[in-house]
$ cat protein_4.pdb   # PDB, C-alpha atoms
ATOM      1  CA  MET S   1      90.584 -33.356  41.470
ATOM      2  CA  CYS S   2      90.757 -29.575  41.906
ATOM      3  CA  ILE S   3      93.617 -27.864  43.702
ATOM      4  CA  ARG S   4      91.392 -27.061  46.712
ATOM      5  CA  ASP S   5      90.578 -30.748  47.247
ATOM      6  CA  ARG S   6      94.191 -31.824  46.799
ATOM      7  CA  ILE S   7      95.458 -29.210  49.246
ATOM      8  CA  ILE S   8      92.841 -29.888  51.935
ATOM      9  CA  THR S   9      93.416 -33.651  51.649
ATOM     10  CA  ARG S  10      97.185 -33.134  51.991
ATOM     11  CA  MET S  11      96.702 -30.771  54.945
ATOM     12  CA  ALA S  12      94.516 -33.348  56.685
ATOM     13  CA  LYS S  13      97.232 -35.983  56.225
ATOM     14  CA  GLN S  14     100.021 -33.641  57.300
ATOM     15  CA  LEU S  15      98.092 -32.655  60.446
ATOM     16  CA  ALA S  16      96.846 -36.266  61.053
ATOM     17  CA  LEU S  17      93.216 -35.169  61.331
ATOM     18  CA  PRO S  18      90.252 -37.481  62.027
ATOM     19  CA  ILE S  19      87.767 -37.809  59.169
ATOM     20  CA  GLU S  20      83.977 -37.933  58.792
ATOM     21  CA  LYS S  21      82.209 -38.758  55.546
ATOM     22  CA  HIS S  22      78.741 -37.331  54.909
ATOM     23  CA  SER S  23      76.327 -37.205  51.989
ATOM     24  CA  PHE S  24      77.283 -33.556  51.415
ATOM     25  CA  GLY S  25      81.049 -34.058  51.621
ATOM     26  CA  THR S  26      84.021 -34.991  53.792
ATOM     27  CA  ILE S  27      85.030 -33.191  56.984
ATOM     28  CA  TRP S  28      88.348 -33.362  58.833
ATOM     29  CA  TYR S  29      88.605 -31.870  62.333
ATOM     30  CA  LEU S  30      91.516 -30.089  63.954
ATOM     31  CA  GLN S  31      90.936 -29.850  67.720
ATOM     32  CA  THR S  32      91.739 -26.319  68.833
ATOM     33  CA  GLY S  33      91.130 -26.642  72.582
ATOM     34  CA  GLU S  34      88.284 -26.057  75.030
ATOM     35  CA  GLY S  35      85.970 -28.352  73.060
ATOM     36  CA  LYS S  36      86.396 -26.317  69.889
ATOM     37  CA  ALA S  37      87.533 -27.615  66.534
ATOM     38  CA  THR S  38      88.364 -26.318  63.092
ATOM     39  CA  ALA S  39      86.667 -28.269  60.308
ATOM     40  CA  PHE S  40      88.179 -28.706  56.865
ATOM     41  CA  PHE S  41      85.503 -29.565  54.343
ATOM     42  CA  VAL S  42      85.543 -30.902  50.768
ATOM     43  CA  THR S  43      82.232 -31.049  48.943
ATOM     44  CA  ASN S  44      80.956 -34.062  47.009
ATOM     45  CA  THR S  45      79.902 -31.729  44.194
ATOM     46  CA  PHE S  46      81.695 -29.789  41.508
ATOM     47  CA  MET S  47      82.926 -26.445  42.828
ATOM     48  CA  ASN S  48      80.615 -24.479  40.534
ATOM     49  CA  ILE S  49      77.525 -25.928  42.287
ATOM     50  CA  SER S  50      78.972 -26.289  45.786
ATOM     51  CA  GLY S  51      76.777 -23.749  47.595
ATOM     52  CA  SER S  52      74.197 -26.232  48.872
ATOM     53  CA  SER S  53      76.915 -28.613  50.143
ATOM     54  CA  VAL S  54      78.682 -25.757  51.910
ATOM     55  CA  LYS S  55      75.355 -24.734  53.498
ATOM     56  CA  SER S  56      74.797 -28.338  54.662
ATOM     57  CA  CYS S  57      78.249 -28.346  56.272
ATOM     58  CA  ILE S  58      77.568 -24.974  57.930
ATOM     59  CA  ASP S  59      74.305 -26.332  59.342
ATOM     60  CA  TYR S  60      75.935 -29.617  60.438
ATOM     61  CA  CYS S  61      78.808 -27.800  62.176
ATOM     62  CA  LYS S  62      76.369 -25.267  63.650
ATOM     63  CA  LEU S  63      78.280 -22.219  62.424
ATOM     64  CA  GLU S  64      76.383 -19.178  63.634
ATOM     65  CA  ASN S  65      78.353 -16.644  61.623
ATOM     66  CA  PRO S  66      79.912 -18.063  58.435
ATOM     67  CA  ALA S  67      81.383 -14.671  57.580
ATOM     68  CA  LYS S  68      83.477 -14.948  60.744
ATOM     69  CA  ASP S  69      83.714 -18.702  61.272
ATOM     70  CA  MET S  70      84.805 -20.033  57.887
ATOM     71  CA  ILE S  71      87.202 -19.459  55.039
ATOM     72  CA  VAL S  72      86.681 -20.848  51.538
ATOM     73  CA  LEU S  73      89.702 -22.124  49.634
ATOM     74  CA  HIS S  74      89.380 -21.976  45.864
ATOM     75  CA  ASP S  75      91.376 -21.924  42.671
ATOM     76  CA  ASP S  76      92.251 -18.604  41.042
ATOM     77  CA  LEU S  77      93.091 -18.206  37.378
ATOM     78  CA  ASP S  78      94.547 -14.723  37.859
ATOM     79  CA  THR S  79      97.227 -15.804  40.328
ATOM     80  CA  GLY S  80     100.446 -17.659  39.547
ATOM     81  CA  PHE S  81     100.453 -21.390  40.252
ATOM     82  CA  GLY S  82     100.702 -22.085  43.974
ATOM     83  CA  LYS S  83     100.613 -18.430  45.029
ATOM     84  CA  LEU S  84      98.106 -17.559  47.768
ATOM     85  CA  LYS S  85      95.902 -14.520  48.318
ATOM     86  CA  ILE S  86      93.433 -13.790  51.112
ATOM     87  CA  LYS S  87      90.286 -11.848  50.207
ATOM     88  CA  ARG S  88      87.675 -10.843  52.755
ATOM     89  CA  GLY S  89      84.171 -10.771  51.275
ATOM     90  CA  GLY S  90      83.159  -9.067  48.067
ATOM     91  CA  SER S  91      81.919 -10.381  44.760
ATOM     92  CA  ALA S  92      82.576 -13.737  43.152
ATOM     93  CA  GLN S  93      84.799 -12.087  40.518
ATOM     94  CA  GLY S  94      83.598 -14.560  37.906
ATOM     95  CA  HIS S  95      84.281 -17.664  40.021
ATOM     96  CA  ASN S  96      81.202 -19.885  39.686
ATOM     97  CA  GLY S  97      81.886 -21.811  42.892
ATOM     98  CA  ILE S  98      82.071 -18.635  44.957
ATOM     99  CA  LYS S  99      78.962 -17.375  43.150
ATOM    100  CA  SER S 100      77.108 -20.571  44.151
ATOM    101  CA  ILE S 101      78.140 -20.182  47.793
ATOM    102  CA  ILE S 102      77.157 -16.487  47.844
ATOM    103  CA  GLU S 103      73.744 -17.321  46.340
ATOM    104  CA  VAL S 104      73.042 -19.910  49.043
ATOM    105  CA  LEU S 105      74.350 -17.845  51.974
ATOM    106  CA  ASN S 106      72.635 -14.598  50.892
ATOM    107  CA  GLU S 107      73.348 -11.947  53.533
ATOM    108  CA  GLN S 108      76.113 -14.043  55.105
ATOM    109  CA  SER S 109      78.240 -13.841  51.967
ATOM    110  CA  GLU S 110      81.041 -11.711  53.360
ATOM    111  CA  PHE S 111      83.101 -14.796  54.193
ATOM    112  CA  PRO S 112      86.874 -14.736  53.709
ATOM    113  CA  ARG S 113      88.446 -16.648  50.840
ATOM    114  CA  MET S 114      91.898 -18.018  50.179
ATOM    115  CA  LYS S 115      92.691 -17.953  46.505
ATOM    116  CA  ILE S 116      95.133 -20.637  45.392
ATOM    117  CA  GLY S 117      96.712 -19.731  42.072
ATOM    118  CA  ILE S 118      96.450 -22.094  39.121
ATOM    119  CA  ASP S 119      97.562 -19.656  36.374
ATOM    120  CA  ARG S 120      95.476 -18.933  33.308
ATOM    121  CA  PRO S 121      95.657 -20.422  29.826
ATOM    122  CA  ALA S 122      96.950 -18.149  27.065
ATOM    123  CA  THR S 123      93.416 -17.351  25.864
ATOM    124  CA  LYS S 124      90.333 -16.190  27.762
ATOM    125  CA  GLU S 125      88.013 -18.179  25.462
ATOM    126  CA  SER S 126      85.479 -19.784  27.822
ATOM    127  CA  SER S 127      85.697 -23.305  26.367
ATOM    128  CA  VAL S 128      89.496 -23.288  26.690
ATOM    129  CA  VAL S 129      89.327 -21.931  30.250
ATOM    130  CA  ALA S 130      86.680 -24.524  31.238
ATOM    131  CA  LYS S 131      88.857 -27.339  29.887
ATOM    132  CA  TYR S 132      91.924 -25.882  31.620
ATOM    133  CA  VAL S 133      90.364 -25.684  35.100
ATOM    134  CA  THR S 134      89.150 -29.298  34.889
ATOM    135  CA  SER S 135      92.323 -30.751  33.392
ATOM    136  CA  SER S 136      94.921 -32.803  35.265
ATOM    137  CA  PHE S 137      97.941 -31.156  36.827
ATOM    138  CA  SER S 138     101.350 -31.480  35.198
ATOM    139  CA  LYS S 139     104.103 -33.506  36.890
ATOM    140  CA  GLU S 140     105.812 -30.232  37.808
ATOM    141  CA  GLN S 141     102.621 -28.901  39.409
ATOM    142  CA  LEU S 142     102.000 -32.148  41.305
ATOM    143  CA  ALA S 143     105.538 -31.977  42.670
ATOM    144  CA  GLN S 144     104.675 -28.587  44.235
ATOM    145  CA  MET S 145     101.505 -29.713  46.065
ATOM    146  CA  ASP S 146     103.165 -30.596  49.399
ATOM    147  CA  GLN S 147     104.870 -27.191  49.545
ATOM    148  CA  ILE S 148     101.648 -25.397  48.591
ATOM    149  CA  SER S 149      99.860 -27.323  51.337
ATOM    150  CA  GLN S 150     102.497 -26.209  53.863
ATOM    151  CA  ASP S 151     102.114 -22.620  52.636
ATOM    152  CA  VAL S 152      98.330 -22.839  53.092
ATOM    153  CA  ILE S 153      98.746 -24.164  56.655
ATOM    154  CA  GLN S 154     101.231 -21.390  57.463
ATOM    155  CA  THR S 155      98.931 -18.705  56.002
ATOM    156  CA  LEU S 156      95.895 -20.076  57.854
ATOM    157  CA  ARG S 157      97.911 -19.873  61.080
ATOM    158  CA  GLN S 158      99.161 -16.348  60.340
ATOM    159  CA  GLU S 159      95.582 -15.245  59.648
ATOM    160  CA  SER S 160      94.400 -16.990  62.881
ATOM    161  CA  PHE S 161      92.078 -19.461  61.147
ATOM    162  CA  ILE S 162      93.908 -22.362  62.822
ATOM    163  CA  PRO S 163      96.183 -22.488  65.882
TER
END

$ encode --input "protein_4.pdb" --output "structure tokens"
Amino acid sequence: MCIRDRIITRMAKQLALPIEKHSFGTIWYLQTGEGKATAFFVTNTFMNISGSSVKSCIDYCKLENPAKDMIVLHDDLDTGFGKLKIKRGGSAQGHNGIKSIIEVLNEQSEFPRMKIGIDRPATKESSVVAKYVTSSFSKEQLAQMDQISQDVIQTLRQESFIP
């Protein structure tokens, strides 16, 4: 399971959110008042081909402006483990999952992203990197997941993505 999925699942448990399962993925809702809700979504696909699932969720949730109404959480090799960075729009910077989402959303690709650091292996050789990003987390990394989840919640609140 990727760090994004682990963090969103932990956040949903920490916030005691109701759940919906769909063919395109799983959605948890955080009621934000006045009939509005924030949806946390985990695709049923690998991140690198997640664009169509994200589009299905956007359509299901009736988001009119994904660039304003959503944030994508994803792993980042160039950031230390558990560190967070917010990026607003721009290129995929080599991240195949973000590339897939941009391809599907076309002109609506200026959505914000939260990068969750996973470090980088010692080499940039593609086969080593591919194995690294799909490998299991160490015991030390797993022990940090609850704190990372809390940090994500705090950052989402500071950035006004959730109340």

$ residues_around --input "protein_4.pdb" --residues "S:Leu30" --least-positions-apart "2" --cutoff "8 Å" --atoms "all atoms listed in the file" --output "PyMOL selection string"
chain S and resi 15+17-18+28+32+37-40

$ resolve_selection --input "protein_4.pdb" --expression "the PyMOL selection byres ((chain S and resi 99) around 12)" --output "PyMOL selection string"
chain S and resi 47-52+72+74+89-98+100-106+109-110

$ resolve_selection --input "protein_4.pdb" --expression "the PyMOL selection byres ((chain S and resi 82) around 6)" --output "PyMOL selection string"
chain S and resi 81+83+116-117+148

$ residues_around --input "protein_4.pdb" --residues "S:Arg10" --least-positions-apart "6" --cutoff "9 Å" --atoms "only C-alpha atoms" --output "PDB file with C-alpha atoms, keeping the file's coordinate frame"
ATOM      1  CA  MET S 145     101.505 -29.713  46.065  1.00  0.00           C
ATOM      2  CA  ASP S 146     103.165 -30.596  49.399  1.00  0.00           C
ATOM      3  CA  SER S 149      99.860 -27.323  51.337  1.00  0.00           C
ATOM      4  CA  GLN S 150     102.497 -26.209  53.863  1.00  0.00           C
TER       5      GLN S 150
END

$ closest_residue --input "protein_4.pdb" --among "S:Thr134, S:Gln144, S:Gln14, S:Thr43" --to "S:Asp75" --atoms "all atoms listed in the file"
S:Thr134

$ resolve_selection --input "protein_4.pdb" --expression "the PyMOL selection byres ((chain S and resi 24) around 10)" --output "NGL selection string"
:S and (21-23 or 25-27 or 41-45 or 50 or 52-57 or 60)

$ build_atoms --input "protein_4.pdb" --residues "stretch 87-98 of chain S" --atoms "all heavy atoms" --output "PDB file, keeping the file's coordinate frame"
ATOM      1  N   LYS S  87      91.264 -12.886  50.548  1.00  0.00           N
ATOM      2  CA  LYS S  87      90.286 -11.848  50.207  1.00  0.00           C
ATOM      3  C   LYS S  87      89.165 -11.956  51.226  1.00  0.00           C
ATOM      4  O   LYS S  87      88.696 -13.045  51.531  1.00  0.00           O
ATOM      5  CB  LYS S  87      89.743 -12.084  48.792  1.00  0.00           C
ATOM      6  CG  LYS S  87      88.720 -11.056  48.343  1.00  0.00           C
ATOM      7  CD  LYS S  87      88.292 -11.357  46.912  1.00  0.00           C
ATOM      8  CE  LYS S  87      87.466 -10.264  46.309  1.00  0.00           C
ATOM      9  NZ  LYS S  87      86.130 -10.162  46.784  1.00  0.00           N
ATOM     10  N   ARG S  88      88.744 -10.842  51.755  1.00  0.00           N
ATOM     11  CA  ARG S  88      87.675 -10.843  52.755  1.00  0.00           C
ATOM     12  C   ARG S  88      86.411 -10.282  52.130  1.00  0.00           C
ATOM     13  O   ARG S  88      86.303  -9.090  51.900  1.00  0.00           O
ATOM     14  CB  ARG S  88      88.090 -10.050  53.972  1.00  0.00           C
ATOM     15  CG  ARG S  88      89.350 -10.630  54.606  1.00  0.00           C
ATOM     16  CD  ARG S  88      89.586 -10.141  56.008  1.00  0.00           C
ATOM     17  NE  ARG S  88      90.860 -10.581  56.517  1.00  0.00           N
ATOM     18  CZ  ARG S  88      91.106 -11.776  57.035  1.00  0.00           C
ATOM     19  NH1 ARG S  88      90.168 -12.675  57.096  1.00  0.00           N
ATOM     20  NH2 ARG S  88      92.299 -12.083  57.488  1.00  0.00           N
ATOM     21  N   GLY S  89      85.457 -11.177  51.830  1.00  0.00           N
ATOM     22  CA  GLY S  89      84.171 -10.771  51.275  1.00  0.00           C
ATOM     23  C   GLY S  89      84.274 -10.266  49.847  1.00  0.00           C
ATOM     24  O   GLY S  89      85.269 -10.468  49.162  1.00  0.00           O
ATOM     25  N   GLY S  90      83.199  -9.631  49.409  1.00  0.00           N
ATOM     26  CA  GLY S  90      83.159  -9.067  48.067  1.00  0.00           C
ATOM     27  C   GLY S  90      82.459  -9.975  47.074  1.00  0.00           C
ATOM     28  O   GLY S  90      81.826 -10.967  47.453  1.00  0.00           O
ATOM     29  N   SER S  91      82.601  -9.642  45.821  1.00  0.00           N
ATOM     30  CA  SER S  91      81.919 -10.381  44.760  1.00  0.00           C
ATOM     31  C   SER S  91      82.639 -11.678  44.426  1.00  0.00           C
ATOM     32  O   SER S  91      83.754 -11.927  44.892  1.00  0.00           O
ATOM     33  CB  SER S  91      81.824  -9.517  43.499  1.00  0.00           C
ATOM     34  OG  SER S  91      83.094  -9.438  42.878  1.00  0.00           O
ATOM     35  N   ALA S  92      82.003 -12.462  43.577  1.00  0.00           N
ATOM     36  CA  ALA S  92      82.576 -13.737  43.152  1.00  0.00           C
ATOM     37  C   ALA S  92      83.692 -13.548  42.134  1.00  0.00           C
ATOM     38  O   ALA S  92      84.460 -14.471  41.879  1.00  0.00           O
ATOM     39  CB  ALA S  92      81.488 -14.632  42.569  1.00  0.00           C
ATOM     40  N   GLN S  93      83.791 -12.392  41.532  1.00  0.00           N
ATOM     41  CA  GLN S  93      84.799 -12.087  40.518  1.00  0.00           C
ATOM     42  C   GLN S  93      84.852 -13.146  39.423  1.00  0.00           C
ATOM     43  O   GLN S  93      85.916 -13.558  38.988  1.00  0.00           O
ATOM     44  CB  GLN S  93      86.172 -11.894  41.150  1.00  0.00           C
ATOM     45  CG  GLN S  93      86.242 -10.686  42.063  1.00  0.00           C
ATOM     46  CD  GLN S  93      87.610 -10.490  42.656  1.00  0.00           C
ATOM     47  OE1 GLN S  93      88.178 -11.408  43.255  1.00  0.00           O
ATOM     48  NE2 GLN S  93      88.143  -9.292  42.504  1.00  0.00           N
ATOM     49  N   GLY S  94      83.674 -13.599  39.003  1.00  0.00           N
ATOM     50  CA  GLY S  94      83.598 -14.560  37.906  1.00  0.00           C
ATOM     51  C   GLY S  94      83.804 -16.010  38.303  1.00  0.00           C
ATOM     52  O   GLY S  94      83.732 -16.893  37.452  1.00  0.00           O
ATOM     53  N   HIS S  95      84.064 -16.287  39.572  1.00  0.00           N
ATOM     54  CA  HIS S  95      84.281 -17.664  40.021  1.00  0.00           C
ATOM     55  C   HIS S  95      82.927 -18.295  40.331  1.00  0.00           C
ATOM     56  O   HIS S  95      82.238 -17.886  41.273  1.00  0.00           O
ATOM     57  CB  HIS S  95      85.179 -17.686  41.257  1.00  0.00           C
ATOM     58  CG  HIS S  95      85.694 -19.044  41.596  1.00  0.00           C
ATOM     59  ND1 HIS S  95      84.893 -20.012  42.156  1.00  0.00           N
ATOM     60  CD2 HIS S  95      86.919 -19.603  41.432  1.00  0.00           C
ATOM     61  CE1 HIS S  95      85.615 -21.108  42.344  1.00  0.00           C
ATOM     62  NE2 HIS S  95      86.850 -20.884  41.911  1.00  0.00           N
ATOM     63  N   ASN S  96      82.537 -19.292  39.540  1.00  0.00           N
ATOM     64  CA  ASN S  96      81.202 -19.885  39.686  1.00  0.00           C
ATOM     65  C   ASN S  96      80.987 -20.596  41.012  1.00  0.00           C
ATOM     66  O   ASN S  96      79.870 -20.636  41.529  1.00  0.00           O
ATOM     67  CB  ASN S  96      80.914 -20.828  38.517  1.00  0.00           C
ATOM     68  CG  ASN S  96      80.716 -20.073  37.225  1.00  0.00           C
ATOM     69  OD1 ASN S  96      80.253 -18.943  37.218  1.00  0.00           O
ATOM     70  ND2 ASN S  96      81.094 -20.694  36.123  1.00  0.00           N
ATOM     71  N   GLY S  97      82.020 -21.165  41.591  1.00  0.00           N
ATOM     72  CA  GLY S  97      81.886 -21.811  42.892  1.00  0.00           C
ATOM     73  C   GLY S  97      81.590 -20.804  43.985  1.00  0.00           C
ATOM     74  O   GLY S  97      80.711 -21.012  44.831  1.00  0.00           O
ATOM     75  N   ILE S  98      82.315 -19.694  43.975  1.00  0.00           N
ATOM     76  CA  ILE S  98      82.071 -18.635  44.957  1.00  0.00           C
ATOM     77  C   ILE S  98      80.681 -18.043  44.733  1.00  0.00           C
ATOM     78  O   ILE S  98      79.939 -17.779  45.689  1.00  0.00           O
ATOM     79  CB  ILE S  98      83.173 -17.557  44.891  1.00  0.00           C
ATOM     80  CG1 ILE S  98      84.540 -18.162  45.239  1.00  0.00           C
ATOM     81  CG2 ILE S  98      82.836 -16.375  45.787  1.00  0.00           C
ATOM     82  CD1 ILE S  98      84.635 -18.747  46.634  1.00  0.00           C
TER      83      ILE S  98
END
